[in-house]
Amino acid sequence: MTLMETLTKVDLYSMLPDELISYFASIGEPKYRAAQVFSRLHRGEKIEEITSLSKQLRERLRTECLDTLPVVCEKLVSKIDGTIKYLFRLHDGSCIESVLMRYKHGNSLCISSQVGCLMGCKFCASTIGGKVRDLLPSELLGQIIATERDTGERVSNIVMMGIGEPLDNFDNVIKFLQLVNHKDGLNIGYRHISLSTCGVVTGIQRLKNYDLPITLSISLHASNDAKRSEIMPINKKWNISSLLAACVDYYKVTGRRISFEYTLISGKNDSSADARALGELLKGAFRGTGAPLHVNLIRVNEVKETGFKRGSAEEVNAFAKVLSDMGVVATVRRRLGADVNAACGQLRRSNMNKNEEKEGKN
């Protein structure tokens with residue numbers, strides 16, 4: 001489907017009930033159609049499957065409306081823990097990833113917010129090749145609907161930590177949050193949603209004004225500007241000082257704990273001195289606020305293009321102990337789906353490489 005075709009079609013999945021009422025009124029349909037269609041679409045039914053609509057209306061909607069439900073292009077299931085990694089194909093042929101992680105408390109889905117990524121973090125496979133485009137609210141929502149449709153299981157938690165930077169797609173992400181939280185739709189509570197940003201300060205400042213009880217996660221990955229700028233180009237625009245000032249302000253307005261993500265790269269940012277500097281940085285920034293401090297430690301994913309290596313489990317635990325001894329809660333993220341390359345961007349990158357090889361042979 002071309003961009004022009006996309007722009008001229010009606011995106012039902014991106015509409016809240018009030019917007020659907022207006023749409024159906026514009027085509028001469030009663031307003032109760034909005035509730036009918038909203039709940040059924042969010043349950044995973046396609047237009048042609050909503051038999052309470054007339055055949056004529058279904059055909060009109062099928063022709064005039066955009067089908068943004070992603071299609072499973074590739075699916076990998078971990079033999080270790082049952083994690084499922086999806087490569088989804090979108091209506092324009094672009095591919096994104098989602099990862100379903102199973103826990104005792106329910107299923108969590110890590111979703112993408114963009115096709116590719118503009119941020120350029122050196123350790124991340126998602127950014128290789130740059131950003132193609134933002135995802136529509138319907139395409140964000142569609143990852144959950146398609147996963148539930150494929151597995152027959154409910155997704156109870158959402159992690160916005162897949163391909164892309166959510167706050168670089170701010171308006172579409174906010175609309176998605178409103179859609180996924182709606183009581184007549186998927187009805188996933190805000191407190192069950194985590195949003196991760198690499199440090200888009202203006203986005204954090206905007207987000208606090210919505211006062212949504214989501215969990216905000218900050219990808220920090222270094223305790224000083226020199227190291228952070230080396231691995232995260234965004235730090236050259238918004239340095240650590242400006243980022244933490246925005247985080248402190250966010251906490252004061254919302255009262256919500258912020259989680260700091262720290263990817264440990266062997267020989268680069270994982271020494272005891274790095275741990276002490278990180279603890280001092282966070283304690284200093286939040287001093288006097290009463291904010292609980294939490295750092296989520298992540299062993300770097302070894303992507304061929306980056307050359308970065310992960311340290312041992314003992315080294316990670318030692319780093320965590322330094323933080324804990326300083327009064328900063330530190331947890332080590334459990335690695336799920338290790339046998340299916342469940343880390344963000346790897347499956348999409350593999351698919352792109354295969355396509356490039358095919359084109360080279362033709």
# chains A, B, ... in the order shown; residues from 1 in each chain; ligands from 1
>>> closest_atom_pairs(of="segment 218-334 of chain A", to="segment 196-212 of chain A", cutoff="12 Å", atoms="only C-alpha atoms", output="Markdown table")
| residue | atom | partner | partner_atom | distance |
| --- | --- | --- | --- | --- |
| A:Ile218 | CA | A:Thr197 | CA | 5.3 |
| A:Ser219 | CA | A:Cys198 | CA | 4.7 |
| A:Leu220 | CA | A:Cys198 | CA | 7.0 |
| A:His221 | CA | A:Cys198 | CA | 9.3 |
| A:Ala222 | CA | A:Cys198 | CA | 11.7 |
| A:Arg228 | CA | A:Cys198 | CA | 10.8 |
| A:Ser229 | CA | A:Cys198 | CA | 11.8 |
| A:Ile231 | CA | A:Cys198 | CA | 11.2 |
| A:Met232 | CA | A:Cys198 | CA | 8.1 |
| A:Pro233 | CA | A:Cys198 | CA | 9.8 |
| A:Ile234 | CA | A:Gly199 | CA | 7.1 |
| A:Asn235 | CA | A:Gly199 | CA | 7.7 |
| A:Lys236 | CA | A:Gly199 | CA | 10.9 |
| A:Lys237 | CA | A:Val200 | CA | 9.0 |
| A:Trp238 | CA | A:Val201 | CA | 6.7 |
| A:Asn239 | CA | A:Gly199 | CA | 8.8 |
| A:Ile240 | CA | A:Gly199 | CA | 8.7 |
| A:Ser241 | CA | A:Val201 | CA | 10.7 |
| A:Ser242 | CA | A:Val201 | CA | 7.4 |
| A:Leu243 | CA | A:Val201 | CA | 5.9 |
| A:Leu244 | CA | A:Val201 | CA | 9.0 |
| A:Ala245 | CA | A:Val201 | CA | 9.1 |
| A:Ala246 | CA | A:Val201 | CA | 6.3 |
| A:Cys247 | CA | A:Ile204 | CA | 7.4 |
| A:Val248 | CA | A:Ile204 | CA | 10.5 |
| A:Asp249 | CA | A:Gln205 | CA | 8.0 |
| A:Tyr250 | CA | A:Lys208 | CA | 5.4 |
| A:Tyr251 | CA | A:Lys208 | CA | 8.3 |
| A:Lys252 | CA | A:Lys208 | CA | 9.4 |
| A:Val253 | CA | A:Lys208 | CA | 6.7 |
| A:Thr254 | CA | A:Asp211 | CA | 5.7 |
| A:Gly255 | CA | A:Asp211 | CA | 9.2 |
| A:Arg256 | CA | A:Asp211 | CA | 9.2 |
| A:Ile258 | CA | A:Ser196 | CA | 10.1 |
| A:Ser259 | CA | A:Ser196 | CA | 9.0 |
| A:Phe260 | CA | A:Ser196 | CA | 9.2 |
| A:Glu261 | CA | A:Ser196 | CA | 8.7 |
| A:Tyr262 | CA | A:Cys198 | CA | 10.8 |
| A:Thr263 | CA | A:Cys198 | CA | 11.8 |
| A:Asn296 | CA | A:Ser196 | CA | 11.8 |
>>> write_last_selection(atoms="N, CA and C atoms", output="short mmCIF file (atom, residue, chain, number, x, y, z; two decimals), in the first residue's frame")
data_model
loop_
_atom_site.label_atom_id
_atom_site.label_comp_id
_atom_site.auth_asym_id
_atom_site.auth_seq_id
_atom_site.Cartn_x
_atom_site.Cartn_y
_atom_site.Cartn_z
N ILE A 218 14.10 5.48 32.26
CA ILE A 218 15.11 6.30 31.59
C ILE A 218 16.33 5.44 31.26
N SER A 219 16.68 5.39 29.99
CA SER A 219 17.89 4.67 29.57
C SER A 219 19.08 5.59 29.83
N LEU A 220 19.81 5.31 30.90
CA LEU A 220 20.90 6.19 31.31
C LEU A 220 22.25 5.68 30.80
N HIS A 221 22.65 4.49 31.23
CA HIS A 221 23.79 3.74 30.68
C HIS A 221 25.17 4.34 30.92
N ALA A 222 25.27 5.46 31.60
CA ALA A 222 26.57 6.04 31.95
C ALA A 222 26.34 7.07 33.05
N ARG A 228 28.55 8.84 28.26
CA ARG A 228 27.19 8.73 27.72
C ARG A 228 27.12 9.27 26.29
N SER A 229 27.82 10.34 26.00
CA SER A 229 27.82 10.90 24.65
C SER A 229 28.45 9.94 23.65
N ILE A 231 28.28 6.63 23.68
CA ILE A 231 27.40 5.52 23.32
C ILE A 231 25.97 5.97 23.03
N MET A 232 25.61 7.21 23.43
CA MET A 232 24.25 7.70 23.21
C MET A 232 24.32 9.14 22.67
N PRO A 233 24.24 9.30 21.35
CA PRO A 233 24.36 10.63 20.75
C PRO A 233 23.38 11.66 21.28
N ILE A 234 22.22 11.21 21.78
CA ILE A 234 21.22 12.15 22.28
C ILE A 234 21.78 12.98 23.44
N ASN A 235 22.81 12.47 24.13
CA ASN A 235 23.38 13.18 25.26
C ASN A 235 24.06 14.48 24.84
N LYS A 236 24.40 14.59 23.55
CA LYS A 236 25.00 15.82 23.06
C LYS A 236 23.96 16.93 22.94
N LYS A 237 22.69 16.54 22.84
CA LYS A 237 21.60 17.52 22.79
C LYS A 237 21.08 17.82 24.19
N TRP A 238 20.84 16.75 24.95
CA TRP A 238 20.37 16.90 26.33
C TRP A 238 21.32 16.10 27.22
N ASN A 239 22.19 16.79 27.94
CA ASN A 239 23.18 16.10 28.77
C ASN A 239 22.54 15.52 30.03
N ILE A 240 23.36 14.84 30.81
CA ILE A 240 22.85 14.16 32.00
C ILE A 240 22.21 15.14 32.97
N SER A 241 22.80 16.29 33.13
CA SER A 241 22.26 17.29 34.06
C SER A 241 20.85 17.72 33.67
N SER A 242 20.65 18.03 32.39
CA SER A 242 19.32 18.47 31.94
C SER A 242 18.32 17.31 31.98
N LEU A 243 18.80 16.10 31.69
CA LEU A 243 17.93 14.93 31.74
C LEU A 243 17.45 14.67 33.16
N LEU A 244 18.36 14.68 34.13
CA LEU A 244 17.97 14.40 35.51
C LEU A 244 17.12 15.52 36.09
N ALA A 245 17.36 16.75 35.66
CA ALA A 245 16.50 17.86 36.11
C ALA A 245 15.07 17.64 35.65
N ALA A 246 14.91 17.16 34.41
CA ALA A 246 13.56 16.86 33.89
C ALA A 246 12.94 15.71 34.66
N CYS A 247 13.76 14.73 35.05
CA CYS A 247 13.26 13.58 35.81
C CYS A 247 12.80 13.99 37.21
N VAL A 248 13.57 14.85 37.85
CA VAL A 248 13.20 15.34 39.17
C VAL A 248 11.88 16.11 39.10
N ASP A 249 11.75 16.94 38.09
CA ASP A 249 10.52 17.71 37.90
C ASP A 249 9.34 16.77 37.63
N TYR A 250 9.57 15.74 36.83
CA TYR A 250 8.54 14.74 36.53
C TYR A 250 8.07 14.08 37.82
N TYR A 251 9.01 13.71 38.69
CA TYR A 251 8.65 13.06 39.94
C TYR A 251 7.87 14.01 40.84
N LYS A 252 8.29 15.27 40.92
CA LYS A 252 7.60 16.22 41.78
C LYS A 252 6.15 16.45 41.34
N VAL A 253 5.91 16.41 40.03
CA VAL A 253 4.56 16.64 39.51
C VAL A 253 3.69 15.40 39.64
N THR A 254 4.26 14.22 39.32
CA THR A 254 3.45 13.00 39.24
C THR A 254 3.51 12.14 40.50
N GLY A 255 4.61 12.26 41.25
CA GLY A 255 4.79 11.38 42.40
C GLY A 255 5.11 9.95 42.02
N ARG A 256 5.40 9.71 40.75
CA ARG A 256 5.66 8.36 40.26
C ARG A 256 7.16 8.07 40.24
N ILE A 258 10.63 6.77 39.09
CA ILE A 258 11.26 6.59 37.78
C ILE A 258 12.28 5.46 37.90
N SER A 259 12.28 4.58 36.92
CA SER A 259 13.26 3.50 36.89
C SER A 259 14.37 3.88 35.91
N PHE A 260 15.60 3.69 36.32
CA PHE A 260 16.74 4.00 35.46
C PHE A 260 17.34 2.69 34.92
N GLU A 261 17.42 2.62 33.60
CA GLU A 261 18.00 1.44 32.96
C GLU A 261 19.48 1.70 32.71
N TYR A 262 20.27 0.67 32.97
CA TYR A 262 21.72 0.81 32.82
C TYR A 262 22.24 -0.46 32.16
N THR A 263 22.62 -0.35 30.89
CA THR A 263 23.17 -1.49 30.16
C THR A 263 24.66 -1.59 30.45
N ASN A 296 17.71 -0.57 37.01
CA ASN A 296 17.52 -1.88 36.38
C ASN A 296 18.76 -2.16 35.54
#
>>> residues_around(residues="Lys321 of chain A", least_positions_apart="4", cutoff="10 Å", atoms="only C-alpha atoms", output="ChimeraX atom specification")
/A:272,275,315-317,325-331
>>> write_last_selection(atoms="C-alpha atoms", output="JSON list (two decimals), in the first residue's frame")
[["chain", "number", "residue", "atom", "x", "y", "z"],
["A", 272, "SER", "CA", 33.04, -0.59, 40.63],
["A", 275, "ALA", "CA", 28.77, 1.90, 40.03],
["A", 315, "GLU", "CA", 30.62, -8.78, 37.67],
["A", 316, "VAL", "CA", 26.99, -7.71, 37.22],
["A", 317, "ASN", "CA", 26.14, -8.81, 40.76],
["A", 325, "ASP", "CA", 25.22, -0.67, 49.67],
["A", 326, "MET", "CA", 24.73, 3.01, 48.77],
["A", 327, "GLY", "CA", 20.97, 2.76, 49.33],
["A", 328, "VAL", "CA", 20.01, 2.56, 45.63],
["A", 329, "VAL", "CA", 17.76, -0.39, 44.80],
["A", 330, "ALA", "CA", 19.39, -2.37, 41.99],
["A", 331, "THR", "CA", 17.85, -5.28, 40.13]]
>>> select_by_dssp(residues="segment 246-337 of chain A", states="alpha helix (DSSP H)", output="VMD selection string")
chain A and resid 246 to 254 272 to 285 313 to 325
>>> write_last_selection(atoms="N, CA and C atoms", output="JSON list (two decimals), in the first residue's frame")
[["chain", "number", "residue", "atom", "x", "y", "z"],
["A", 246, "ALA", "N", 14.91, 17.16, 34.41],
["A", 246, "ALA", "CA", 13.56, 16.86, 33.89],
["A", 246, "ALA", "C", 12.94, 15.71, 34.66],
["A", 247, "CYS", "N", 13.76, 14.73, 35.05],
["A", 247, "CYS", "CA", 13.26, 13.58, 35.81],
["A", 247, "CYS", "C", 12.80, 13.99, 37.21],
["A", 248, "VAL", "N", 13.57, 14.85, 37.85],
["A", 248, "VAL", "CA", 13.20, 15.34, 39.17],
["A", 248, "VAL", "C", 11.88, 16.11, 39.10],
["A", 249, "ASP", "N", 11.75, 16.94, 38.09],
["A", 249, "ASP", "CA", 10.52, 17.71, 37.90],
["A", 249, "ASP", "C", 9.34, 16.77, 37.63],
["A", 250, "TYR", "N", 9.57, 15.74, 36.83],
["A", 250, "TYR", "CA", 8.54, 14.74, 36.53],
["A", 250, "TYR", "C", 8.07, 14.08, 37.82],
["A", 251, "TYR", "N", 9.01, 13.71, 38.69],
["A", 251, "TYR", "CA", 8.65, 13.06, 39.94],
["A", 251, "TYR", "C", 7.87, 14.01, 40.84],
["A", 252, "LYS", "N", 8.29, 15.27, 40.92],
["A", 252, "LYS", "CA", 7.60, 16.22, 41.78],
["A", 252, "LYS", "C", 6.15, 16.45, 41.34],
["A", 253, "VAL", "N", 5.91, 16.41, 40.03],
["A", 253, "VAL", "CA", 4.56, 16.64, 39.51],
["A", 253, "VAL", "C", 3.69, 15.40, 39.64],
["A", 254, "THR", "N", 4.26, 14.22, 39.32],
["A", 254, "THR", "CA", 3.45, 13.00, 39.24],
["A", 254, "THR", "C", 3.51, 12.14, 40.50],
["A", 272, "SER", "N", 33.52, -1.00, 39.30],
["A", 272, "SER", "CA", 33.04, -0.59, 40.63],
["A", 272, "SER", "C", 33.00, 0.93, 40.74],
["A", 273, "ALA", "N", 33.99, 1.58, 40.12],
["A", 273, "ALA", "CA", 34.02, 3.05, 40.13],
["A", 273, "ALA", "C", 32.81, 3.61, 39.39],
["A", 274, "ASP", "N", 32.43, 2.95, 38.28],
["A", 274, "ASP", "CA", 31.24, 3.37, 37.54],
["A", 274, "ASP", "C", 29.99, 3.23, 38.41],
["A", 275, "ALA", "N", 29.93, 2.14, 39.16],
["A", 275, "ALA", "CA", 28.77, 1.90, 40.03],
["A", 275, "ALA", "C", 28.67, 2.98, 41.11],
["A", 276, "ARG", "N", 29.81, 3.29, 41.73],
["A", 276, "ARG", "CA", 29.80, 4.32, 42.78],
["A", 276, "ARG", "C", 29.42, 5.69, 42.20],
["A", 277, "ALA", "N", 29.94, 5.99, 41.02],
["A", 277, "ALA", "CA", 29.63, 7.27, 40.38],
["A", 277, "ALA", "C", 28.15, 7.36, 40.03],
["A", 278, "LEU", "N", 27.57, 6.23, 39.60],
["A", 278, "LEU", "CA", 26.13, 6.20, 39.27],
["A", 278, "LEU", "C", 25.30, 6.43, 40.52],
["A", 279, "GLY", "N", 25.65, 5.75, 41.60],
["A", 279, "GLY", "CA", 24.91, 5.94, 42.86],
["A", 279, "GLY", "C", 24.98, 7.37, 43.35],
["A", 280, "GLU", "N", 26.16, 7.95, 43.31],
["A", 280, "GLU", "CA", 26.32, 9.34, 43.76],
["A", 280, "GLU", "C", 25.55, 10.30, 42.86],
["A", 281, "LEU", "N", 25.55, 10.03, 41.57],
["A", 281, "LEU", "CA", 24.83, 10.89, 40.63],
["A", 281, "LEU", "C", 23.34, 10.92, 40.94],
["A", 282, "LEU", "N", 22.74, 9.75, 41.09],
["A", 282, "LEU", "CA", 21.30, 9.68, 41.32],
["A", 282, "LEU", "C", 20.92, 10.21, 42.70],
["A", 283, "LYS", "N", 21.69, 9.88, 43.70],
["A", 283, "LYS", "CA", 21.39, 10.37, 45.06],
["A", 283, "LYS", "C", 21.50, 11.88, 45.12],
["A", 284, "GLY", "N", 22.49, 12.41, 44.42],
["A", 284, "GLY", "CA", 22.66, 13.86, 44.40],
["A", 284, "GLY", "C", 21.53, 14.57, 43.68],
["A", 285, "ALA", "N", 21.12, 14.02, 42.54],
["A", 285, "ALA", "CA", 20.07, 14.65, 41.74],
["A", 285, "ALA", "C", 18.73, 14.67, 42.47],
["A", 313, "ALA", "N", 28.24, -12.84, 35.07],
["A", 313, "ALA", "CA", 27.16, -12.66, 36.05],
["A", 313, "ALA", "C", 27.73, -12.15, 37.37],
["A", 314, "GLU", "N", 28.92, -12.61, 37.74],
["A", 314, "GLU", "CA", 29.55, -12.18, 38.98],
["A", 314, "GLU", "C", 29.86, -10.69, 38.94],
["A", 315, "GLU", "N", 30.30, -10.20, 37.81],
["A", 315, "GLU", "CA", 30.62, -8.78, 37.67],
["A", 315, "GLU", "C", 29.35, -7.92, 37.76],
["A", 316, "VAL", "N", 28.28, -8.42, 37.16],
["A", 316, "VAL", "CA", 26.99, -7.71, 37.22],
["A", 316, "VAL", "C", 26.50, -7.64, 38.66],
["A", 317, "ASN", "N", 26.59, -8.76, 39.36],
["A", 317, "ASN", "CA", 26.14, -8.81, 40.76],
["A", 317, "ASN", "C", 26.99, -7.89, 41.64],
["A", 318, "ALA", "N", 28.28, -7.81, 41.35],
["A", 318, "ALA", "CA", 29.16, -6.93, 42.12],
["A", 318, "ALA", "C", 28.76, -5.47, 41.91],
["A", 319, "PHE", "N", 28.42, -5.12, 40.67],
["A", 319, "PHE", "CA", 27.97, -3.75, 40.35],
["A", 319, "PHE", "C", 26.69, -3.44, 41.12],
["A", 320, "ALA", "N", 25.77, -4.41, 41.12],
["A", 320, "ALA", "CA", 24.50, -4.22, 41.84],
["A", 320, "ALA", "C", 24.73, -4.05, 43.34],
["A", 321, "LYS", "N", 25.68, -4.79, 43.89],
["A", 321, "LYS", "CA", 25.95, -4.70, 45.33],
["A", 321, "LYS", "C", 26.47, -3.32, 45.72],
["A", 322, "VAL", "N", 27.32, -2.74, 44.88],
["A", 322, "VAL", "CA", 27.83, -1.40, 45.17],
["A", 322, "VAL", "C", 26.67, -0.42, 45.29],
["A", 323, "LEU", "N", 25.74, -0.49, 44.36],
["A", 323, "LEU", "CA", 24.57, 0.40, 44.39],
["A", 323, "LEU", "C", 23.71, 0.14, 45.61],
["A", 324, "SER", "N", 23.45, -1.13, 45.89],
["A", 324, "SER", "CA", 22.61, -1.48, 47.04],
["A", 324, "SER", "C", 23.21, -0.99, 48.34],
["A", 325, "ASP", "N", 24.54, -1.13, 48.46],
["A", 325, "ASP", "CA", 25.22, -0.67, 49.67],
["A", 325, "ASP", "C", 25.12, 0.85, 49.85]]
>>> atom_distance(atom1="atom CA of Leu136 of chain A", atom2="atom CA of Ile174 of chain A")
10.7 Å
>>> atom_distance(atom1="atom CA of Glu29 of chain A", atom2="atom CA of Asn172 of chain A")
27.1 Å
>>> closest_residue(among="A:Ile298, A:Ile21, A:Ala34, A:Leu69", to="Arg149 of chain A", atoms="only C-alpha atoms")
A:Leu69
>>> closest_residue(among="A:Asn107, A:Thr215, A:Gln143, A:Gln56", to="Tyr86 of chain A", atoms="only C-alpha atoms")
A:Gln143
>>> closest_residue(among="A:Gly28, A:His105, A:Leu141, A:Lys55", to="His182 of chain A", atoms="only C-alpha atoms")
A:Leu141
>>> residues_around(residues="segment 151-160 of chain A", least_positions_apart="2", cutoff="6 Å", atoms="only C-alpha atoms", output="PyMOL selection string")
chain A and resi 106-111+148-149+162+192-196
>>> write_last_selection(atoms="C-alpha atoms", output="PDB file, in the first residue's frame")
ATOM      1  CA  GLY A 106       0.611 -12.422  33.550  1.00  0.00           C
ATOM      2  CA  ASN A 107       1.826 -11.830  30.011  1.00  0.00           C
ATOM      3  CA  SER A 108       3.917  -8.768  29.167  1.00  0.00           C
ATOM      4  CA  LEU A 109       4.319  -7.559  25.604  1.00  0.00           C
ATOM      5  CA  CYS A 110       7.254  -5.406  24.578  1.00  0.00           C
ATOM      6  CA  ILE A 111       6.118  -3.303  21.626  1.00  0.00           C
ATOM      7  CA  GLU A 148      -3.676 -11.924  21.559  1.00  0.00           C
ATOM      8  CA  ARG A 149      -5.301 -13.179  18.361  1.00  0.00           C
ATOM      9  CA  GLY A 162      10.907  -2.174  21.445  1.00  0.00           C
ATOM     10  CA  HIS A 192       0.596  -1.922  33.941  1.00  0.00           C
ATOM     11  CA  ILE A 193       2.350   0.113  31.249  1.00  0.00           C
ATOM     12  CA  SER A 194       6.050   1.077  31.167  1.00  0.00           C
ATOM     13  CA  LEU A 195       7.455   3.629  28.745  1.00  0.00           C
ATOM     14  CA  SER A 196      11.187   3.762  28.114  1.00  0.00           C
TER      15      SER A 196
END
